[in-house]
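**Student:** For reference, this is my_file30.txt, and it has compact mmCIF, C-alpha atoms.
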# COMPACT_ATOMS: atom_id res chain seq x y z
CA MET X 1363 18.71 -98.49 -41.61
CA ARG X 1364 17.48 -102.05 -42.00
CA ARG X 1365 17.70 -102.51 -38.23
CA CYS X 1366 15.58 -99.36 -37.66
CA ILE X 1367 12.84 -100.57 -40.04
CA THR X 1368 12.84 -104.00 -38.39
CA ALA X 1369 12.49 -102.37 -34.95
CA ILE X 1370 9.58 -100.19 -36.14
CA PHE X 1371 7.73 -103.20 -37.61
CA GLY X 1372 8.44 -105.16 -34.43
CA ILE X 1373 6.97 -102.41 -32.27
CA LEU X 1374 3.90 -102.12 -34.52
CA ALA X 1375 3.40 -105.89 -34.35
CA LEU X 1376 3.54 -105.84 -30.56
CA MET X 1377 1.09 -102.92 -30.39
CA GLY X 1378 -1.33 -104.70 -32.72
CA ALA X 1379 -1.10 -107.89 -30.68
CA GLY X 1380 -1.86 -105.91 -27.55
CA CYS X 1381 -5.32 -105.02 -28.84
CA SER X 1382 -6.34 -108.67 -29.01
CA ILE X 1383 -5.17 -109.52 -25.50
CA MET X 1384 -6.39 -106.37 -23.74
CA PRO X 1385 -9.59 -106.67 -21.70
CA THR X 1386 -12.75 -105.27 -23.27
CA THR X 1387 -16.13 -104.23 -21.91
CA GLY X 1388 -18.27 -106.24 -24.27
CA PRO X 1389 -18.28 -108.79 -27.05
CA GLU X 1390 -16.28 -108.21 -30.20
CA ILE X 1391 -18.14 -107.68 -33.45
CA GLY X 1392 -17.36 -111.19 -34.71
CA GLU X 1393 -18.83 -112.73 -31.58
CA ILE X 1394 -22.02 -110.72 -32.05
CA TYR X 1395 -22.53 -111.95 -35.62
CA ARG X 1396 -21.72 -115.57 -34.71
CA GLY X 1397 -23.66 -115.62 -31.41
CA GLY X 1398 -27.16 -115.35 -32.86
CA ASP X 1399 -26.90 -118.59 -34.83
CA THR X 1400 -26.42 -121.18 -32.14
CA ASP X 1401 -27.75 -124.61 -31.33
CA ASP X 1402 -26.46 -124.35 -27.76
CA PRO X 1403 -29.53 -124.61 -25.46
CA THR X 1404 -27.85 -122.49 -22.76
CA ARG X 1405 -27.62 -119.44 -25.06
CA LEU X 1406 -30.52 -117.33 -26.21
CA PRO X 1407 -30.86 -116.83 -29.94
CA TYR X 1408 -31.12 -113.29 -31.25
CA ALA X 1409 -31.19 -111.43 -34.53
CA LEU X 1410 -29.55 -108.20 -35.59
CA VAL X 1411 -32.05 -105.65 -36.88
CA LYS X 1412 -31.16 -102.54 -38.82
CA ILE X 1413 -32.88 -99.56 -37.20
CA THR X 1414 -34.99 -97.75 -39.78
CA PRO X 1415 -37.88 -95.29 -39.36
CA GLN X 1416 -40.30 -98.17 -40.04
CA VAL X 1417 -38.75 -100.27 -37.25
CA ILE X 1418 -38.95 -97.31 -34.84
CA ASP X 1419 -42.64 -96.80 -35.67
CA THR X 1420 -43.37 -100.50 -35.18
CA LEU X 1421 -41.60 -100.56 -31.80
CA ALA X 1422 -43.36 -97.36 -30.71
CA SER X 1423 -46.76 -98.96 -31.34
CA TYR X 1424 -45.90 -101.72 -28.82
CA ALA X 1425 -44.18 -99.53 -26.22
CA PRO X 1426 -46.10 -99.03 -22.97
CA ARG X 1427 -47.32 -95.52 -22.31
CA ILE X 1428 -45.91 -93.91 -19.17
CA GLY X 1429 -49.42 -93.09 -17.98
CA THR X 1430 -50.41 -96.74 -17.92
CA VAL X 1431 -47.21 -97.86 -16.21
CA PHE X 1432 -47.52 -95.31 -13.37
CA PRO X 1433 -51.27 -94.73 -12.92
CA ASP X 1434 -50.97 -93.29 -9.39
CA ARG X 1435 -50.67 -89.54 -9.88
CA ARG X 1436 -50.67 -88.52 -6.22
CA PRO X 1437 -47.77 -86.32 -5.19
CA PRO X 1438 -45.29 -87.86 -2.76
CA ARG X 1439 -46.19 -87.66 0.90
CA GLU X 1440 -44.71 -84.84 2.87
CA ILE X 1441 -41.88 -85.91 5.16
CA THR X 1442 -42.91 -85.99 8.80
CA PHE X 1443 -40.76 -86.97 11.72
CA GLY X 1444 -41.39 -90.06 13.80
CA ILE X 1445 -40.00 -91.48 16.99
CA GLY X 1446 -36.41 -92.65 16.51
CA ASP X 1447 -35.76 -90.57 13.37
CA GLY X 1448 -32.37 -88.89 13.20
CA VAL X 1449 -32.67 -85.10 12.90
CA SER X 1450 -30.12 -82.43 12.02
CA VAL X 1451 -30.64 -78.82 13.22
CA SER X 1452 -28.67 -75.77 12.06
CA ILE X 1453 -29.42 -72.31 13.45
CA PHE X 1454 -28.36 -69.17 11.61
CA GLU X 1455 -28.08 -65.65 13.02
CA ALA X 1456 -27.89 -62.41 11.03
CA ALA X 1457 -24.75 -61.15 12.82
CA ALA X 1458 -22.14 -62.11 15.37
CA GLY X 1459 -22.87 -61.23 18.98
CA GLY X 1460 -26.13 -63.10 19.17
CA LEU X 1461 -27.20 -66.12 21.13
CA PHE X 1462 -25.02 -68.71 19.38
CA ILE X 1463 -22.29 -66.60 17.72
CA PRO X 1464 -20.12 -64.50 20.07
CA ILE X 1465 -18.90 -61.04 19.03
CA GLU X 1466 -15.29 -62.25 19.06
CA ALA X 1467 -16.15 -65.12 16.71
CA GLY X 1468 -13.01 -64.47 14.70
CA VAL X 1469 -12.74 -66.04 11.30
CA ARG X 1470 -15.83 -68.16 10.76
CA PRO X 1471 -17.35 -69.45 7.56
CA GLY X 1472 -20.75 -68.04 8.55
CA ASN X 1473 -22.98 -67.07 11.43
CA PHE X 1474 -24.49 -70.44 12.15
CA ILE X 1475 -24.20 -73.40 14.47
CA THR X 1476 -25.01 -77.00 13.64
CA LEU X 1477 -26.20 -79.03 16.59
CA PRO X 1478 -25.17 -82.67 16.90
CA ASN X 1479 -27.58 -85.04 15.20
CA GLN X 1480 -30.19 -86.36 17.56
CA ASN X 1481 -33.08 -88.77 17.50
CA VAL X 1482 -36.69 -87.88 18.11
CA ASP X 1483 -37.24 -89.16 21.65
CA THR X 1484 -40.09 -91.40 22.81
CA SER X 1485 -42.06 -88.30 23.77
CA GLY X 1486 -41.81 -87.07 20.17
CA ASN X 1487 -39.42 -84.19 20.90
CA ILE X 1488 -35.94 -83.00 20.05
CA GLN X 1489 -33.86 -80.77 22.32
CA VAL X 1490 -32.64 -77.38 21.10
CA PRO X 1491 -30.58 -75.10 23.36
CA TYR X 1492 -32.55 -72.05 24.55
CA ALA X 1493 -35.69 -73.43 22.88
CA GLY X 1494 -36.09 -76.49 25.07
CA ALA X 1495 -38.08 -79.50 23.96
CA VAL X 1496 -39.36 -78.96 20.44
CA ARG X 1497 -42.20 -81.16 19.23
CA ALA X 1498 -41.15 -83.11 16.12
CA LEU X 1499 -43.43 -86.15 16.08
CA GLY X 1500 -45.84 -85.96 13.15
CA ARG X 1501 -44.53 -82.56 12.03
CA THR X 1502 -42.80 -81.53 8.83
CA PRO X 1503 -39.30 -80.03 8.84
CA SER X 1504 -40.69 -76.55 8.08
CA GLN X 1505 -43.09 -76.76 11.04
CA VAL X 1506 -40.24 -77.73 13.39
CA GLN X 1507 -38.05 -74.96 11.94
CA GLN X 1508 -40.75 -72.38 12.62
CA GLN X 1509 -41.22 -73.58 16.20
CA ILE X 1510 -37.47 -73.26 16.84
CA VAL X 1511 -37.36 -69.74 15.37
CA ASP X 1512 -40.41 -68.68 17.42
CA ALA X 1513 -38.80 -70.03 20.61
CA ILE X 1514 -35.47 -68.18 20.20
CA LYS X 1515 -36.45 -65.05 18.25
CA ASN X 1516 -36.31 -62.83 21.37
CA ARG X 1517 -32.78 -64.03 22.21
CA ALA X 1518 -31.04 -64.53 18.85
CA ILE X 1519 -30.38 -61.95 16.11
CA GLU X 1520 -32.91 -62.61 13.32
CA PRO X 1521 -32.69 -66.39 13.69
CA GLN X 1522 -33.41 -68.90 10.98
CA ALA X 1523 -33.35 -72.66 11.36
CA VAL X 1524 -32.82 -75.55 9.00
CA VAL X 1525 -34.13 -78.91 10.15
CA SER X 1526 -33.62 -82.02 8.07
CA LEU X 1527 -34.18 -85.74 8.31
CA VAL X 1528 -30.81 -87.49 8.53
CA ASP X 1529 -31.86 -91.05 9.23
CA GLN X 1530 -35.40 -92.37 8.96
CA ARG X 1531 -35.79 -95.07 11.55
CA THR X 1532 -39.53 -94.82 11.79
CA SER X 1533 -41.44 -96.94 9.38
CA LEU X 1534 -45.13 -96.43 9.10
CA THR X 1535 -47.44 -99.41 9.06
CA ARG X 1536 -50.93 -99.11 7.64
CA THR X 1537 -53.67 -101.08 9.38
CA PRO X 1538 -56.50 -102.69 7.42
CA GLY X 1539 -58.66 -99.78 8.62
CA GLY X 1540 -56.29 -97.27 6.97
CA GLU X 1541 -54.70 -96.00 10.19
CA GLU X 1542 -50.96 -95.27 9.90
CA LEU X 1543 -48.91 -96.41 12.87
CA SER X 1544 -45.22 -95.95 13.51
CA SER X 1545 -43.15 -98.99 14.41
CA TRP X 1546 -42.81 -97.51 17.91
CA THR X 1547 -46.60 -97.32 18.29
CA VAL X 1548 -47.01 -100.90 17.06
CA ARG X 1549 -44.46 -102.10 19.66
CA GLN X 1550 -46.28 -100.15 22.41
CA ARG X 1551 -49.62 -101.74 21.51
CA LEU X 1552 -48.16 -105.25 21.52
Show me the file's structure as structure tokens.
**Tutor:**
Amino acid sequence: MRRCITAIFGILALMGAGCSIMPTTGPEIGEIYRGGDTDDPTRLPYALVKITPQVIDTLASYAPRIGTVFPDRRPPREITFGIGDGVSVSIFEAAAGGLFIPIEAGVRPGNFITLPNQNVDTSGNIQVPYAGAVRALGRTPSQVQQQIVDAIKNRAIEPQAVVSLVDQRTSLTRTPGGEELSSWTVRQRL
């Protein structure tokens, strides 16, 4: 019996010791209370403050208002494609047996095809099978989608397209006159 009690206390002692040698993610409470009172010039002094409604009201009076921090209220610019941008194109058809999905499609997760990612070429186009060269330069994804659908609607079964920007390699540069130029245009003018 005595041996069992000794073993239990020994295990408890080891478990308690483990808490002091285990890694932690921040200072211990004793370090926090001792750390504010320091003469060490490499450490910043601080004080612990009890949070009360009065303290919250005082801090709120000094807090910056979100409207003054972000005064520009313009909506974000619409994404437009530029030369060199990576573009992803997926084309959906309403049923198998259309332009991209054969009748004997077998077990497929859906009636769509995703084309390999491609870059907008130096002419500002992307290539889509059965639609040919589709103008992407300066257009939004929805405008490019509509052009693809219009080009294949007589061949595919109720086509829909999803066009998205995969990799933006075009960076726009604004001239002092306010003109926006792509990096490709800047290189051409040099």
**Student:** May I ask for the distance between CA of Arg1531 in chain X and CA of Gly1444 in chain X, given in Å to one decimal place?
**Tutor:**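 Spanning CA of Arg1531 in chain X to CA of Gly1444 in chain X is a straight-line distance of 7.8 Å.
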**Student:** What is the distance, in Å and to one decimal place, between CA of Ser1504 in chain X and CA of Pro1464 in chain X?
**Tutor:**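 Between these atoms lies a distance of 26.7 Å.
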**Student:** Which centre and edge lengths in Å to one decimal define the box along x, y and z that fits every listed atom of range 1436-1452 of chain X plus 3 Å per side, as lines of an AutoDock Vina configuration file?
**Tutor:**
center_x = -39.7
center_y = -84.2
center_z = 5.4
size_x = 28.0
size_y = 22.9
size_z = 29.2
**Student:** Please indicate the distance in Å from CA of Tyr1492 in chain X to CA of Thr1442 in chain X, rounded to one decimal place.
**Tutor:** 23.4 Å
**Student:** I need the residue nearest Thr1476 in chain X from this list: X:Ile1391, X:Ile1413, X:Val1524, X:Ile1441. Use only C-alpha atoms for the distance.
**Tutor:**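 Answer, going by the shortest atom-to-atom distance: X:Val1524.
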**Student:** Find, counting all atoms listed in the file, the residue in X:Thr1532, X:Ser1452, X:Gln1416, X:Asn1473 that gets nearest to Gly1500 in chain X.
**Tutor:**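 Going through X:Thr1532, X:Ser1452, X:Gln1416, X:Asn1473 one by one, the smallest distance to Gly1500 in chain X is for X:Thr1532.
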